[in-house]
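This report concerns only the one structure given below.
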Amino acid sequence: MIKTRLTEEFGLKFPIFSAPMGPFYTTELTIAVSEAGGLGVVSHATLRGKNSVQDMKEQLFHVIEHTDKPFGVNVRTARIQTDHKIMLRKIAQWTKENPKLREQLIYVLTSAGGPRTASKILKDKAPYIHHFHVAPALWLVDKVVSSGCDGIVATGTEGGGHQSYEGISTLVLVQQVAQKYPDTPLVACGGFATPEGIAAGLAMGADAVAMGTRFIASNQSEFHPNYKALIPPATARDTLLTTGGFGPIRLLKNKYCIEHGEVVSKNDKIAQELAYSMDEYLEDLMHYEIVYTKGDVENGAIPVGQTVGLIDSMMDVDEILTTFTKGAEKILKNLCSNIT
Ligand SMILES: Cc1cc2nc3c(=O)[nH]c(=O)nc-3n(C[C@H](O)[C@H](O)[C@H](O)COP(=O)(O)O)c2cc1C
């Protein structure tokens with residue numbers, strides 16, 4: 001058993017979280033991760049706001065129907081994610097109305113935008129929920145802490161999905177955060193997909209490690225089989241930071257990704273985004289939808305981390321949690337026994 005502030009505070013068996021992966025659904029994955037003793041996190045699956053509040057409600061209630069364990073939810077607070085304020089208020093309201101949801105939904109992770117408004121809403125309407133925010137650079141971590149969030153998810157550039165322009169690695173960022181804010185609960189994210197990674201994250205001062213790509217390639221995730229089938233053969237060189245809806249995004253190199261090209265500078269990227277019409281923006285979102293609706297992994301966008309280079313087989317979620325934690329324990333014990 002590895003005990004950390006977060007395993008104790010959240011009542012978890014393992015210091016492992018699943019990372020949110022909208023616009024894809026991670027509802028079944030959340031159930032599997034939480035049931036196995038980690039913390040599963042429901043994704044903000046709808047990009048365009050259409051029926052998004054109802055969609056989220058259905059996901060959260062589906063989770064509590066299928067597990068009694070604690071879990072979390074992600075809300076993206078980017079300006080173009082226009083449903084985020086109502087989503088946060090509704091989540092708070094549902095937890096007030098439903099005691100089972102209130103008991104189990106212990107964690108809201110906001111990301112892709114600012115933490116301040118979300119923190120105000122949650123502290124005011126649902127102070128019993130632990131509010132963490134994703135930060136990809138130290139100056140954003142400062143903002144998370146000054147906004148009154150309960151914890152930080154430090155995510156470096158090697159991770160899958162949206163990344164910042166900063167390009168800071170998880171290795172550096174987690175150490176920076178652990179040194180500057182030793183009293184704030186910290187989740188390390190981006191680049192973890194092995195027992196060695198879990199041991200390293202905890203050794204650097206994280207209270208838990210979150211993984212995205214590793215869980216896509218699990219038998220319980222609801223990602224399209226065509227998507228899952230790309231992960232074990234991919235190598236660490238097969239991803240690219242390209243243009244996404246909320247900034248640069250790390251995708252698997254396929255036709256869609258290569259056509260979008262590599263993000264080289266923040267100014268170029270912003271100019272590219274400003275040149276988009278609303279129709280073009282909506283058309284671009286379709287490239288995410290066709291992945292989960294049709295399994296079109298050539299014309300669709302396939303977010304994955306550099307961790308694809310570490311994943312060589314599909315696994316069961318409970319096997320990931322159990323063997324990774326045991327492996328990390330062994331590594332940490334061996335290291336300690338070598339200290340004279
Ligand atoms: C398919 C996919 C979708 C993602 N969507 C989101 C999202 O909606 N919100 C968010 O905060 N992070 C999102 N991310 C980032 C993950 O939460 C996490 O930071 C990342 O997966 C970590 O890197 P790893 O995949 O190497 O573990 C996404 C990542 C992937 C792979």
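Residues are named by chain letter and number: chains run A, B, ... in the order of the structure tokens, numbers start at 1 in each chain, and ligands are numbered from 1 in the order shown.
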Please extract the residues of segment 60-308 of chain A with a backbone DSSP assignment of helix (DSSP H, G or I) and present them as a VMD selection string.
chain A and resid 60 to 66 84 to 97 99 to 104 116 to 125 138 to 146 170 to 180 195 to 203 213 to 216 225 to 228 255 to 260 266 to 275 278 to 294 306 to 308
Export, as a short mmCIF file (atom, residue, chain, number, x, y, z; two decimals), in the first residue's frame, the selected residues with C-alpha atoms.
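As a result, result26.cif now contains:
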```cif
data_model
loop_
_atom_site.label_atom_id
_atom_site.label_comp_id
_atom_site.auth_asym_id
_atom_site.auth_seq_id
_atom_site.Cartn_x
_atom_site.Cartn_y
_atom_site.Cartn_z
CA LEU A 60 -22.80 11.41 -13.46
CA PHE A 61 -25.95 9.52 -12.55
CA HIS A 62 -24.82 6.56 -14.66
CA VAL A 63 -21.61 6.42 -12.62
CA ILE A 64 -23.36 6.39 -9.25
CA GLU A 65 -25.70 3.67 -10.49
CA HIS A 66 -22.72 1.43 -11.22
CA HIS A 84 -18.88 25.89 -18.21
CA LYS A 85 -20.47 28.25 -15.66
CA ILE A 86 -23.89 26.69 -15.89
CA MET A 87 -22.27 23.26 -15.81
CA LEU A 88 -20.47 24.02 -12.55
CA ARG A 89 -23.62 25.48 -10.96
CA LYS A 90 -25.66 22.47 -12.06
CA ILE A 91 -23.10 20.00 -10.76
CA ALA A 92 -23.24 21.76 -7.39
CA GLN A 93 -27.04 21.70 -7.47
CA TRP A 94 -27.23 17.98 -8.34
CA THR A 95 -24.93 17.13 -5.44
CA LYS A 96 -27.20 19.09 -3.11
CA GLU A 97 -30.29 17.30 -4.37
CA PRO A 99 -27.06 12.50 -1.27
CA LYS A 100 -25.41 9.59 -3.13
CA LEU A 101 -23.96 11.95 -5.72
CA ARG A 102 -22.84 14.32 -2.98
CA GLU A 103 -21.05 11.49 -1.18
CA GLN A 104 -19.30 10.14 -4.26
CA ARG A 116 -10.95 31.86 -10.61
CA THR A 117 -14.64 31.91 -11.56
CA ALA A 118 -14.89 28.14 -11.15
CA SER A 119 -13.35 28.37 -7.70
CA LYS A 120 -15.84 31.08 -6.68
CA ILE A 121 -18.80 29.06 -7.92
CA LEU A 122 -17.68 25.84 -6.26
CA LYS A 123 -16.62 27.39 -2.95
CA ASP A 124 -19.94 29.21 -2.79
CA LYS A 125 -22.27 26.43 -3.93
CA LEU A 138 4.51 27.60 -12.85
CA TRP A 139 2.93 31.02 -13.41
CA LEU A 140 -0.41 29.26 -13.96
CA VAL A 141 0.14 27.20 -10.83
CA ASP A 142 0.52 30.51 -8.93
CA LYS A 143 -2.87 31.54 -10.31
CA VAL A 144 -4.45 28.23 -9.27
CA VAL A 145 -3.17 28.64 -5.72
CA SER A 146 -4.16 32.31 -5.44
CA THR A 170 6.22 17.20 -16.47
CA LEU A 171 9.61 16.29 -14.99
CA VAL A 172 10.51 19.94 -14.44
CA LEU A 173 7.03 21.24 -13.63
CA VAL A 174 6.23 18.71 -10.90
CA GLN A 175 9.51 19.47 -9.12
CA GLN A 176 8.86 23.22 -9.40
CA VAL A 177 5.39 22.86 -7.92
CA ALA A 178 6.42 20.47 -5.15
CA GLN A 179 9.18 22.87 -4.11
CA LYS A 180 7.08 26.03 -4.26
CA PRO A 195 5.22 1.54 -12.63
CA GLU A 196 8.54 3.40 -13.03
CA GLY A 197 6.61 6.55 -13.90
CA ILE A 198 4.34 6.21 -10.87
CA ALA A 199 7.37 5.76 -8.60
CA ALA A 200 9.04 8.81 -10.16
CA GLY A 201 5.92 10.99 -9.82
CA LEU A 202 5.53 10.12 -6.15
CA ALA A 203 9.25 10.54 -5.51
CA THR A 213 -3.35 7.43 -22.91
CA ARG A 214 -2.55 4.37 -20.78
CA PHE A 215 -6.22 4.08 -19.86
CA ILE A 216 -7.41 4.52 -23.46
CA PRO A 225 -11.57 -0.07 -31.16
CA ASN A 226 -9.84 1.59 -34.15
CA TYR A 227 -8.42 4.25 -31.78
CA LYS A 228 -7.26 1.70 -29.20
CA LYS A 255 -3.62 12.52 -42.16
CA TYR A 256 -5.61 15.06 -40.12
CA CYS A 257 -2.71 15.95 -37.84
CA ILE A 258 -0.14 16.29 -40.62
CA GLU A 259 -2.49 18.54 -42.63
CA HIS A 260 -2.81 20.84 -39.59
CA LYS A 266 2.32 31.17 -30.26
CA ASN A 267 1.84 34.14 -32.61
CA ASP A 268 1.43 31.92 -35.68
CA LYS A 269 -1.05 29.78 -33.80
CA ILE A 270 -3.13 32.74 -32.65
CA ALA A 271 -3.13 34.21 -36.16
CA GLN A 272 -4.29 30.84 -37.49
CA GLU A 273 -7.12 30.71 -34.92
CA LEU A 274 -8.23 34.28 -35.64
CA ALA A 275 -8.41 33.45 -39.35
CA MET A 278 -17.22 29.95 -37.00
CA ASP A 279 -18.09 27.47 -39.77
CA GLU A 280 -14.47 26.40 -40.04
CA TYR A 281 -14.27 26.04 -36.28
CA LEU A 282 -17.39 23.86 -36.21
CA GLU A 283 -16.09 21.86 -39.16
CA ASP A 284 -12.89 21.23 -37.24
CA LEU A 285 -14.83 19.88 -34.26
CA MET A 286 -16.34 17.29 -36.58
CA HIS A 287 -12.88 15.75 -36.87
CA TYR A 288 -13.12 14.82 -33.19
CA GLU A 289 -16.68 13.57 -33.43
CA ILE A 290 -16.02 11.25 -36.38
CA VAL A 291 -13.46 9.41 -34.30
CA TYR A 292 -15.96 8.24 -31.71
CA THR A 293 -19.02 8.08 -33.91
CA LYS A 294 -17.43 6.34 -36.92
CA GLN A 306 4.22 10.57 -25.91
CA THR A 307 3.39 7.73 -23.52
CA VAL A 308 2.18 5.80 -26.59
#
```
Could you give me, as a PyMOL selection string, every polymer residue with an atom at most 7 Å away from an atom of ligand 1, counting only C-alpha atoms and all ligand atoms?
chain A and resi 19-24+43-45+74+76+110-112+134+155+158-162+189-193+210-214+302-307
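Proximity of A:Tyr25, A:Tyr165, A:Phe132, A:Phe17 to Val263 of chain A, computed with only C-alpha atoms, is greatest for A:Tyr165.
Separating atom CA of Gly309 of chain A from atom CA of Ala234 of chain A is a distance of 6.1 Å.
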Mind checking which residues fall within 8 Å of Leu310 of chain A, counting only C-alpha atoms, ignoring those fewer than 6 positions away in the same chain, and posting them as a list of chain:residue names?
A:Ala193, A:Thr194, A:Thr235, A:Ala236
Just to be explicit: take each residue in the selection above, keep C-alpha atoms, and write the result as a PDB file, in the first residue's frame.
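Printed below is part04.pdb as written:
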```
ATOM      1  CA  ALA A 193       2.213   4.935 -18.217  1.00  0.00           C
ATOM      2  CA  THR A 194       4.415   2.557 -16.229  1.00  0.00           C
ATOM      3  CA  THR A 235       6.246   4.900 -30.868  1.00  0.00           C
ATOM      4  CA  ALA A 236       7.090   7.957 -28.753  1.00  0.00           C
TER       5      ALA A 236
END
```
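The nearest approach to Phe223 of chain A among the residues A:Val108, A:Thr27, A:Asp183, A:Ile152, with only C-alpha atoms taken into account, belongs to A:Thr27.
With only C-alpha atoms as the atoms that count, the minimum distance from Pro248 of chain A to the choices A:Tyr181, A:Glu58, A:Ala229, A:Thr157 is reached by A:Thr157.
Secondary structure from DSSP on the backbone puts strand (DSSP E or B) at the following positions of segment 59-173 of chain A: Phe71, Gly72, Val73, Asn74, Val75, Arg76, Leu105, Ile106, Tyr107, Val108, Leu109, Thr110, Ser111, His130, His131, Phe132, His133, Val134, Ala135, Gly151, Ile152, Val153, Ala154, Thr155, Gly161 and His162 of chain A.
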Saved selection, atoms kept: N, CA and C atoms, as a compact mmCIF listing (two decimals), in the first residue's frame:
```txt
# COMPACT_ATOMS: atom_id res chain seq x y z
N PHE A 71 -15.49 9.46 -7.12
CA PHE A 71 -15.03 9.77 -8.48
C PHE A 71 -15.02 11.28 -8.67
N GLY A 72 -14.55 11.70 -9.85
CA GLY A 72 -14.48 13.13 -10.14
C GLY A 72 -15.04 13.46 -11.51
N VAL A 73 -15.01 14.75 -11.83
CA VAL A 73 -15.52 15.21 -13.13
C VAL A 73 -14.68 16.39 -13.60
N ASN A 74 -14.53 16.50 -14.91
CA ASN A 74 -13.79 17.62 -15.50
C ASN A 74 -14.76 18.61 -16.14
N VAL A 75 -14.47 19.90 -15.94
CA VAL A 75 -15.19 20.95 -16.66
C VAL A 75 -14.13 21.87 -17.28
N ARG A 76 -14.20 22.01 -18.60
CA ARG A 76 -13.24 22.91 -19.27
C ARG A 76 -13.78 24.33 -19.19
N LEU A 105 -19.22 12.22 -5.55
CA LEU A 105 -18.56 13.16 -6.47
C LEU A 105 -17.71 14.13 -5.64
N ILE A 106 -16.47 13.69 -5.39
CA ILE A 106 -15.65 14.41 -4.41
C ILE A 106 -14.67 15.37 -5.07
N TYR A 107 -14.60 15.37 -6.42
CA TYR A 107 -13.50 16.06 -7.08
C TYR A 107 -14.00 16.70 -8.37
N VAL A 108 -13.79 18.01 -8.49
CA VAL A 108 -14.04 18.68 -9.78
C VAL A 108 -12.70 19.20 -10.27
N LEU A 109 -12.34 18.79 -11.47
CA LEU A 109 -11.09 19.25 -12.08
C LEU A 109 -11.43 20.20 -13.21
N THR A 110 -11.05 21.47 -13.05
CA THR A 110 -11.27 22.41 -14.15
C THR A 110 -9.97 22.55 -14.95
N SER A 111 -10.12 22.96 -16.20
CA SER A 111 -8.94 23.00 -17.08
C SER A 111 -9.23 23.85 -18.30
N HIS A 130 -13.75 18.86 -3.63
CA HIS A 130 -12.35 19.27 -3.78
C HIS A 130 -12.17 19.80 -5.20
N HIS A 131 -11.78 21.06 -5.28
CA HIS A 131 -11.61 21.67 -6.61
C HIS A 131 -10.13 21.77 -6.96
N PHE A 132 -9.74 21.05 -8.02
CA PHE A 132 -8.36 21.11 -8.52
C PHE A 132 -8.40 21.74 -9.91
N HIS A 133 -7.28 22.33 -10.31
CA HIS A 133 -7.22 22.91 -11.65
C HIS A 133 -5.93 22.45 -12.33
N VAL A 134 -6.01 22.28 -13.65
CA VAL A 134 -4.83 21.85 -14.42
C VAL A 134 -3.94 23.05 -14.73
N ALA A 135 -2.65 22.91 -14.44
CA ALA A 135 -1.71 23.98 -14.77
C ALA A 135 -0.50 23.41 -15.51
N GLY A 151 -6.23 22.04 -4.92
CA GLY A 151 -5.08 21.27 -5.37
C GLY A 151 -4.75 21.58 -6.82
N ILE A 152 -3.61 21.01 -7.25
CA ILE A 152 -3.06 21.31 -8.58
C ILE A 152 -2.86 20.01 -9.34
N VAL A 153 -3.22 20.03 -10.62
CA VAL A 153 -2.80 18.96 -11.51
C VAL A 153 -1.74 19.56 -12.42
N ALA A 154 -0.49 19.17 -12.21
CA ALA A 154 0.62 19.71 -13.01
C ALA A 154 0.83 18.81 -14.21
N THR A 155 0.58 19.37 -15.40
CA THR A 155 0.63 18.58 -16.63
C THR A 155 1.66 19.15 -17.59
N GLY A 161 -3.41 15.32 -25.71
CA GLY A 161 -4.47 16.32 -25.73
C GLY A 161 -3.92 17.73 -25.68
N HIS A 162 -4.75 18.68 -25.21
CA HIS A 162 -4.34 20.08 -25.21
C HIS A 162 -3.17 20.36 -24.29
```
